[in-house]
Amino acid sequence: MNKLSLAALILAALPLAAMADDYQTATPPSGTAANNGGWSGSGEFGFASARGNSRSENANAKLGLSQENELWKNNFYLNGLRSKGNVDVEDGNGNTVDKFTTTANRYDTGASVGYKFDPRSYVVTAARYEHDDFGANLWQGIVSIGYGYIALKNERAELSFEIGPGFKRYQAANSTREVADPANPGATISESYKPDAQSEVVGRGLINAKYRLTDNTALEDTLLVEAGSKNQYYQNDIGLSVSMTRKMALKVGYQIRYNSNTQPGTVSTDKLMTTNLVYNF
């Protein structure tokens, strides 16, 4: 098991030691976040392994921290995804062989710091960085500043918006191109090449919605848009969580990521379904 999987497994296992104390109510007591400056957080972990006629391993982990009080609306997160499986590859002799290899390796981190003008309006600065060995872009990073507005916030529902300009830099995935064959004039061969990194001014938009269906069931959806003249990036995360105790929950999540500008051999849309154990703190 790789280091990311091991670290995430430890993170997910920590709450089990305190489960007996938590199994009193599925709803956290009111005022908990207010007592520590508005801070709250959660950790998620999911792992699956198959052996036999097929071999596969996949793990994903998420860590999020947030703060909201009279002056600040802040968020910080770190996510990781890694998978291995059997794939057909060509060996040095041109033969197709079955190989157990990495099929997904991605991590992303980000933060936003918002200063409130009043209970609903705030100015926000945000930064995000992502690395993906198998995505349309090898890496991408953005910094932005904008305006945020909390349209709705009560015990059952929450809806907020953020919009503003940003600066983005990204490296497209490696690709292949046809070049002249030096050993055979008039013929071409394929070679791998690394495209130049791109920079552009983008518009950033974020919509964050939460709705508590029951006392122990909640639905969350977050839409992120980073649109520029060269590339448009969209990411939507929707999740349904069911609390088992005050701190423990099970969560089913579905993520869609879209890049408009891709290289040959890569697709625009990535989809990810997860079923995770969640620890709220």
# chains A, B, ... in the order shown; residues from 1 in each chain; ligands from 1
>>> residues_around(residues="region 261-267 of chain A", least_positions_apart="2", cutoff="10 Å", atoms="only C-alpha atoms", output="number ranges by chain")
A: 134-137, 172-177, 195, 230-233, 258-259, 269-270
>>> write_last_selection(atoms="all heavy atoms", output="CSV table (one decimal), in the first residue's frame")
chain,number,residue,atom,x,y,z
A,134,PHE,N,-2.7,11.5,-15.0
A,134,PHE,CA,-3.5,10.9,-16.0
A,134,PHE,C,-4.6,11.8,-16.5
A,134,PHE,O,-5.5,11.4,-17.2
A,134,PHE,CB,-4.1,9.6,-15.5
A,134,PHE,CG,-3.0,8.6,-15.2
A,134,PHE,CD1,-2.5,8.5,-13.9
A,134,PHE,CD2,-2.6,7.6,-16.1
A,134,PHE,CE1,-1.5,7.6,-13.6
A,134,PHE,CE2,-1.6,6.7,-15.8
A,134,PHE,CZ,-1.1,6.7,-14.5
A,135,GLY,N,-4.5,13.1,-16.2
A,135,GLY,CA,-5.6,14.0,-16.6
A,135,GLY,C,-5.3,14.8,-17.9
A,135,GLY,O,-4.2,14.6,-18.5
A,136,ALA,N,-6.2,15.7,-18.3
A,136,ALA,CA,-6.0,16.5,-19.4
A,136,ALA,C,-4.8,17.5,-19.2
A,136,ALA,O,-4.1,17.8,-20.1
A,136,ALA,CB,-7.3,17.3,-19.8
A,137,ASN,N,-4.7,17.9,-18.0
A,137,ASN,CA,-3.5,18.8,-17.6
A,137,ASN,C,-2.7,18.1,-16.5
A,137,ASN,O,-3.2,17.5,-15.5
A,137,ASN,CB,-4.0,20.1,-17.0
A,137,ASN,CG,-4.7,21.0,-18.1
A,137,ASN,OD1,-4.2,21.1,-19.2
A,137,ASN,ND2,-5.8,21.6,-17.7
A,172,ALA,N,-0.3,21.3,-20.0
A,172,ALA,CA,-1.1,20.2,-20.6
A,172,ALA,C,-0.4,18.9,-20.5
A,172,ALA,O,0.8,18.8,-20.4
A,172,ALA,CB,-1.4,20.6,-22.1
A,173,ALA,N,-1.1,17.8,-20.6
A,173,ALA,CA,-0.5,16.5,-20.5
A,173,ALA,C,0.4,16.2,-21.7
A,173,ALA,O,0.2,16.8,-22.8
A,173,ALA,CB,-1.7,15.4,-20.5
A,174,ASN,N,1.4,15.3,-21.5
A,174,ASN,CA,2.3,15.0,-22.6
A,174,ASN,C,1.5,14.4,-23.8
A,174,ASN,O,0.5,13.7,-23.5
A,174,ASN,CB,3.3,14.0,-22.1
A,174,ASN,CG,4.3,14.6,-21.2
A,174,ASN,OD1,4.3,15.9,-21.1
A,174,ASN,ND2,5.0,13.8,-20.5
A,175,SER,N,1.9,14.6,-25.0
A,175,SER,CA,1.2,14.1,-26.2
A,175,SER,C,2.2,13.5,-27.2
A,175,SER,O,3.4,13.4,-26.9
A,175,SER,CB,0.4,15.2,-26.8
A,175,SER,OG,-0.4,14.8,-27.8
A,176,THR,N,1.7,13.2,-28.3
A,176,THR,CA,2.6,12.7,-29.4
A,176,THR,C,2.3,13.6,-30.7
A,176,THR,O,1.3,14.1,-30.8
A,176,THR,CB,2.2,11.2,-29.8
A,176,THR,OG1,0.9,11.1,-30.1
A,176,THR,CG2,2.5,10.3,-28.6
A,177,ARG,N,3.3,13.6,-31.5
A,177,ARG,CA,3.2,14.3,-32.8
A,177,ARG,C,4.0,13.6,-33.9
A,177,ARG,O,4.9,12.9,-33.6
A,177,ARG,CB,3.7,15.8,-32.6
A,177,ARG,CG,5.1,15.9,-32.2
A,177,ARG,CD,5.5,17.3,-31.9
A,177,ARG,NE,6.9,17.5,-31.4
A,177,ARG,CZ,7.4,18.6,-30.9
A,177,ARG,NH1,6.7,19.7,-31.0
A,177,ARG,NH2,8.6,18.6,-30.5
A,195,PRO,N,4.1,19.8,-24.1
A,195,PRO,CA,3.6,21.1,-24.6
A,195,PRO,C,4.1,22.2,-23.6
A,195,PRO,O,4.4,21.9,-22.4
A,195,PRO,CB,2.1,21.0,-24.5
A,195,PRO,CG,1.8,19.5,-24.6
A,195,PRO,CD,2.9,18.9,-23.9
A,230,LYS,N,-8.4,30.4,-23.4
A,230,LYS,CA,-7.7,29.2,-23.9
A,230,LYS,C,-8.4,27.9,-23.4
A,230,LYS,O,-8.4,26.9,-24.1
A,230,LYS,CB,-6.3,29.2,-23.5
A,230,LYS,CG,-5.5,30.4,-24.1
A,230,LYS,CD,-4.1,30.4,-23.5
A,230,LYS,CE,-3.3,31.6,-24.0
A,230,LYS,NZ,-1.9,31.7,-23.4
A,231,ASN,N,-8.8,27.9,-22.2
A,231,ASN,CA,-9.3,26.7,-21.6
A,231,ASN,C,-10.4,27.0,-20.6
A,231,ASN,O,-10.4,28.0,-19.8
A,231,ASN,CB,-8.2,25.9,-20.8
A,231,ASN,CG,-8.7,24.6,-20.3
A,231,ASN,OD1,-9.2,23.8,-21.0
A,231,ASN,ND2,-8.5,24.4,-19.0
A,232,GLN,N,-11.5,26.2,-20.6
A,232,GLN,CA,-12.6,26.3,-19.6
A,232,GLN,C,-12.6,25.1,-18.7
A,232,GLN,O,-12.6,24.0,-19.3
A,232,GLN,CB,-13.9,26.5,-20.3
A,232,GLN,CG,-14.1,27.8,-21.0
A,232,GLN,CD,-13.5,27.8,-22.4
A,232,GLN,OE1,-13.7,26.9,-23.2
A,232,GLN,NE2,-12.7,28.8,-22.7
A,233,TYR,N,-12.5,25.3,-17.4
A,233,TYR,CA,-12.5,24.2,-16.5
A,233,TYR,C,-13.8,24.3,-15.6
A,233,TYR,O,-14.1,25.3,-15.0
A,233,TYR,CB,-11.3,24.3,-15.6
A,233,TYR,CG,-11.2,23.2,-14.5
A,233,TYR,CD1,-10.8,21.9,-14.8
A,233,TYR,CD2,-11.5,23.5,-13.2
A,233,TYR,CE1,-10.8,21.0,-13.9
A,233,TYR,CE2,-11.5,22.6,-12.2
A,233,TYR,CZ,-11.1,21.3,-12.5
A,233,TYR,OH,-11.0,20.3,-11.6
A,258,TYR,N,-14.2,18.8,-16.1
A,258,TYR,CA,-14.2,19.0,-17.5
A,258,TYR,C,-13.2,20.1,-17.9
A,258,TYR,O,-13.1,21.1,-17.3
A,258,TYR,CB,-15.6,19.5,-18.0
A,258,TYR,CG,-15.6,19.9,-19.4
A,258,TYR,CD1,-15.7,19.0,-20.4
A,258,TYR,CD2,-15.5,21.3,-19.8
A,258,TYR,CE1,-15.8,19.4,-21.8
A,258,TYR,CE2,-15.5,21.7,-21.1
A,258,TYR,CZ,-15.6,20.7,-22.1
A,258,TYR,OH,-15.7,21.1,-23.4
A,259,ASN,N,-12.3,19.7,-18.8
A,259,ASN,CA,-11.4,20.7,-19.5
A,259,ASN,C,-11.7,20.8,-20.9
A,259,ASN,O,-11.8,19.8,-21.6
A,259,ASN,CB,-9.9,20.2,-19.3
A,259,ASN,CG,-9.4,20.4,-17.9
A,259,ASN,OD1,-8.9,21.6,-17.6
A,259,ASN,ND2,-9.4,19.4,-17.1
A,269,THR,N,-13.6,15.0,-20.2
A,269,THR,CA,-14.4,14.8,-19.0
A,269,THR,C,-13.9,13.6,-18.1
A,269,THR,O,-13.7,12.5,-18.7
A,269,THR,CB,-15.9,14.5,-19.3
A,269,THR,OG1,-16.3,15.6,-20.1
A,269,THR,CG2,-16.7,14.4,-18.0
A,270,ASP,N,-13.7,13.8,-16.8
A,270,ASP,CA,-13.3,12.8,-15.9
A,270,ASP,C,-14.5,12.7,-14.9
A,270,ASP,O,-15.0,13.7,-14.4
A,270,ASP,CB,-12.0,13.1,-15.1
A,270,ASP,CG,-10.8,13.1,-16.0
A,270,ASP,OD1,-10.6,12.0,-16.6
A,270,ASP,OD2,-10.1,14.1,-16.1
>>> select_by_dssp(residues="region 56-163 of chain A", states="strand (DSSP E)", output="count of residues only")
89
>>> residues_around(residues="Ser144 (chain A)", least_positions_apart="3", cutoff="6 Å", atoms="only C-alpha atoms", output="mmCIF file with N, CA, C and O atoms, in the first residue's frame")
data_model
loop_
_atom_site.group_PDB
_atom_site.id
_atom_site.type_symbol
_atom_site.label_atom_id
_atom_site.label_comp_id
_atom_site.auth_asym_id
_atom_site.auth_seq_id
_atom_site.Cartn_x
_atom_site.Cartn_y
_atom_site.Cartn_z
ATOM 1 N N THR A 125 -10.302 35.947 -1.317
ATOM 2 C CA THR A 125 -9.136 35.579 -2.109
ATOM 3 C C THR A 125 -9.013 34.062 -2.059
ATOM 4 O O THR A 125 -9.216 33.455 -1.006
ATOM 5 N N ALA A 126 -8.698 33.452 -3.196
ATOM 6 C CA ALA A 126 -8.670 31.988 -3.278
ATOM 7 C C ALA A 126 -7.477 31.531 -4.099
ATOM 8 O O ALA A 126 -6.994 32.238 -4.986
ATOM 9 N N PRO A 165 -12.202 37.793 -10.858
ATOM 10 C CA PRO A 165 -11.133 37.474 -11.802
ATOM 11 C C PRO A 165 -9.997 36.713 -11.132
ATOM 12 O O PRO A 165 -9.806 36.777 -9.913
ATOM 13 N N GLY A 166 -9.230 35.988 -11.946
ATOM 14 C CA GLY A 166 -8.078 35.250 -11.434
ATOM 15 C C GLY A 166 -7.020 35.066 -12.507
ATOM 16 O O GLY A 166 -7.250 35.358 -13.695
#
>>> closest_residue(among="A:Asp215, A:Glu220, A:Glu57, A:Glu226", to="Ser243 (chain A)", atoms="only C-alpha atoms")
A:Asp215
>>> residues_around(residues="region 36-47 of chain A", least_positions_apart="2", cutoff="7 Å", atoms="only C-alpha atoms", output="NGL selection string")
:A and (8-9 or 12 or 33-34 or 49 or 58-69 or 275-281)
>>> write_last_selection(atoms="N, CA and C atoms", output="tab-separated table (two decimals), in the first residue's frame")
chain	number	residue	atom	x	y	z
A	8	ALA	N	-4.12	7.90	4.81
A	8	ALA	CA	-5.57	8.07	4.81
A	8	ALA	C	-6.25	7.01	5.68
A	9	LEU	N	-5.71	5.80	5.68
A	9	LEU	CA	-6.28	4.73	6.50
A	9	LEU	C	-6.14	5.07	7.98
A	12	ALA	N	-8.73	7.68	8.84
A	12	ALA	CA	-10.09	7.14	8.96
A	12	ALA	C	-10.25	6.27	10.19
A	33	ALA	N	-19.16	24.96	16.94
A	33	ALA	CA	-18.22	25.74	16.14
A	33	ALA	C	-18.01	27.13	16.71
A	34	ALA	N	-19.07	27.71	17.28
A	34	ALA	CA	-18.95	29.06	17.82
A	34	ALA	C	-18.00	29.10	19.01
A	49	SER	N	-9.97	-3.09	-2.56
A	49	SER	CA	-8.93	-3.95	-3.11
A	49	SER	C	-9.57	-5.23	-3.62
A	58	ASN	N	-7.68	0.83	-5.07
A	58	ASN	CA	-7.92	2.26	-5.20
A	58	ASN	C	-8.22	2.86	-3.84
A	59	ALA	N	-7.72	4.07	-3.64
A	59	ALA	CA	-7.90	4.77	-2.38
A	59	ALA	C	-8.10	6.25	-2.66
A	60	ASN	N	-8.95	6.87	-1.87
A	60	ASN	CA	-9.10	8.32	-1.94
A	60	ASN	C	-9.26	8.86	-0.52
A	61	ALA	N	-8.71	10.04	-0.29
A	61	ALA	CA	-8.75	10.67	1.01
A	61	ALA	C	-8.99	12.16	0.85
A	62	LYS	N	-9.73	12.74	1.80
A	62	LYS	CA	-10.02	14.16	1.77
A	62	LYS	C	-9.92	14.73	3.19
A	63	LEU	N	-9.40	15.93	3.27
A	63	LEU	CA	-9.32	16.65	4.55
A	63	LEU	C	-9.79	18.08	4.31
A	64	GLY	N	-10.74	18.54	5.10
A	64	GLY	CA	-11.25	19.90	4.92
A	64	GLY	C	-11.39	20.62	6.25
A	65	LEU	N	-11.06	21.90	6.26
A	65	LEU	CA	-11.21	22.76	7.43
A	65	LEU	C	-11.95	24.02	7.00
A	66	SER	N	-12.84	24.50	7.84
A	66	SER	CA	-13.57	25.72	7.51
A	66	SER	C	-13.78	26.54	8.78
A	67	GLN	N	-13.91	27.84	8.58
A	67	GLN	CA	-14.17	28.77	9.67
A	67	GLN	C	-15.17	29.80	9.22
A	68	GLU	N	-16.18	30.04	10.02
A	68	GLU	CA	-17.11	31.12	9.75
A	68	GLU	C	-17.56	31.75	11.05
A	69	ASN	N	-17.35	33.05	11.16
A	69	ASN	CA	-17.82	33.81	12.31
A	69	ASN	C	-18.28	35.19	11.83
A	275	THR	N	-17.38	6.17	-2.18
A	275	THR	CA	-18.15	5.84	-0.98
A	275	THR	C	-17.17	5.86	0.19
A	276	ASN	N	-17.31	6.84	1.07
A	276	ASN	CA	-16.29	7.11	2.07
A	276	ASN	C	-16.84	7.07	3.49
A	277	LEU	N	-15.93	6.79	4.41
A	277	LEU	CA	-16.18	6.97	5.83
A	277	LEU	C	-15.73	8.36	6.20
A	278	VAL	N	-16.60	9.12	6.91
A	278	VAL	CA	-16.33	10.52	7.25
A	278	VAL	C	-16.24	10.68	8.75
A	279	TYR	N	-15.23	11.48	9.16
A	279	TYR	CA	-15.07	11.83	10.56
A	279	TYR	C	-15.15	13.35	10.69
A	280	ASN	N	-16.15	13.86	11.41
A	280	ASN	CA	-16.32	15.29	11.59
A	280	ASN	C	-15.71	15.73	12.91
A	281	PHE	N	-15.01	16.84	12.87
A	281	PHE	CA	-14.39	17.35	14.12
A	281	PHE	C	-14.48	18.86	14.19
>>> closest_residue(among="A:Tyr129, A:Thr102, A:Leu206, A:Phe117", to="Ile145 (chain A)", atoms="only C-alpha atoms")
A:Leu206
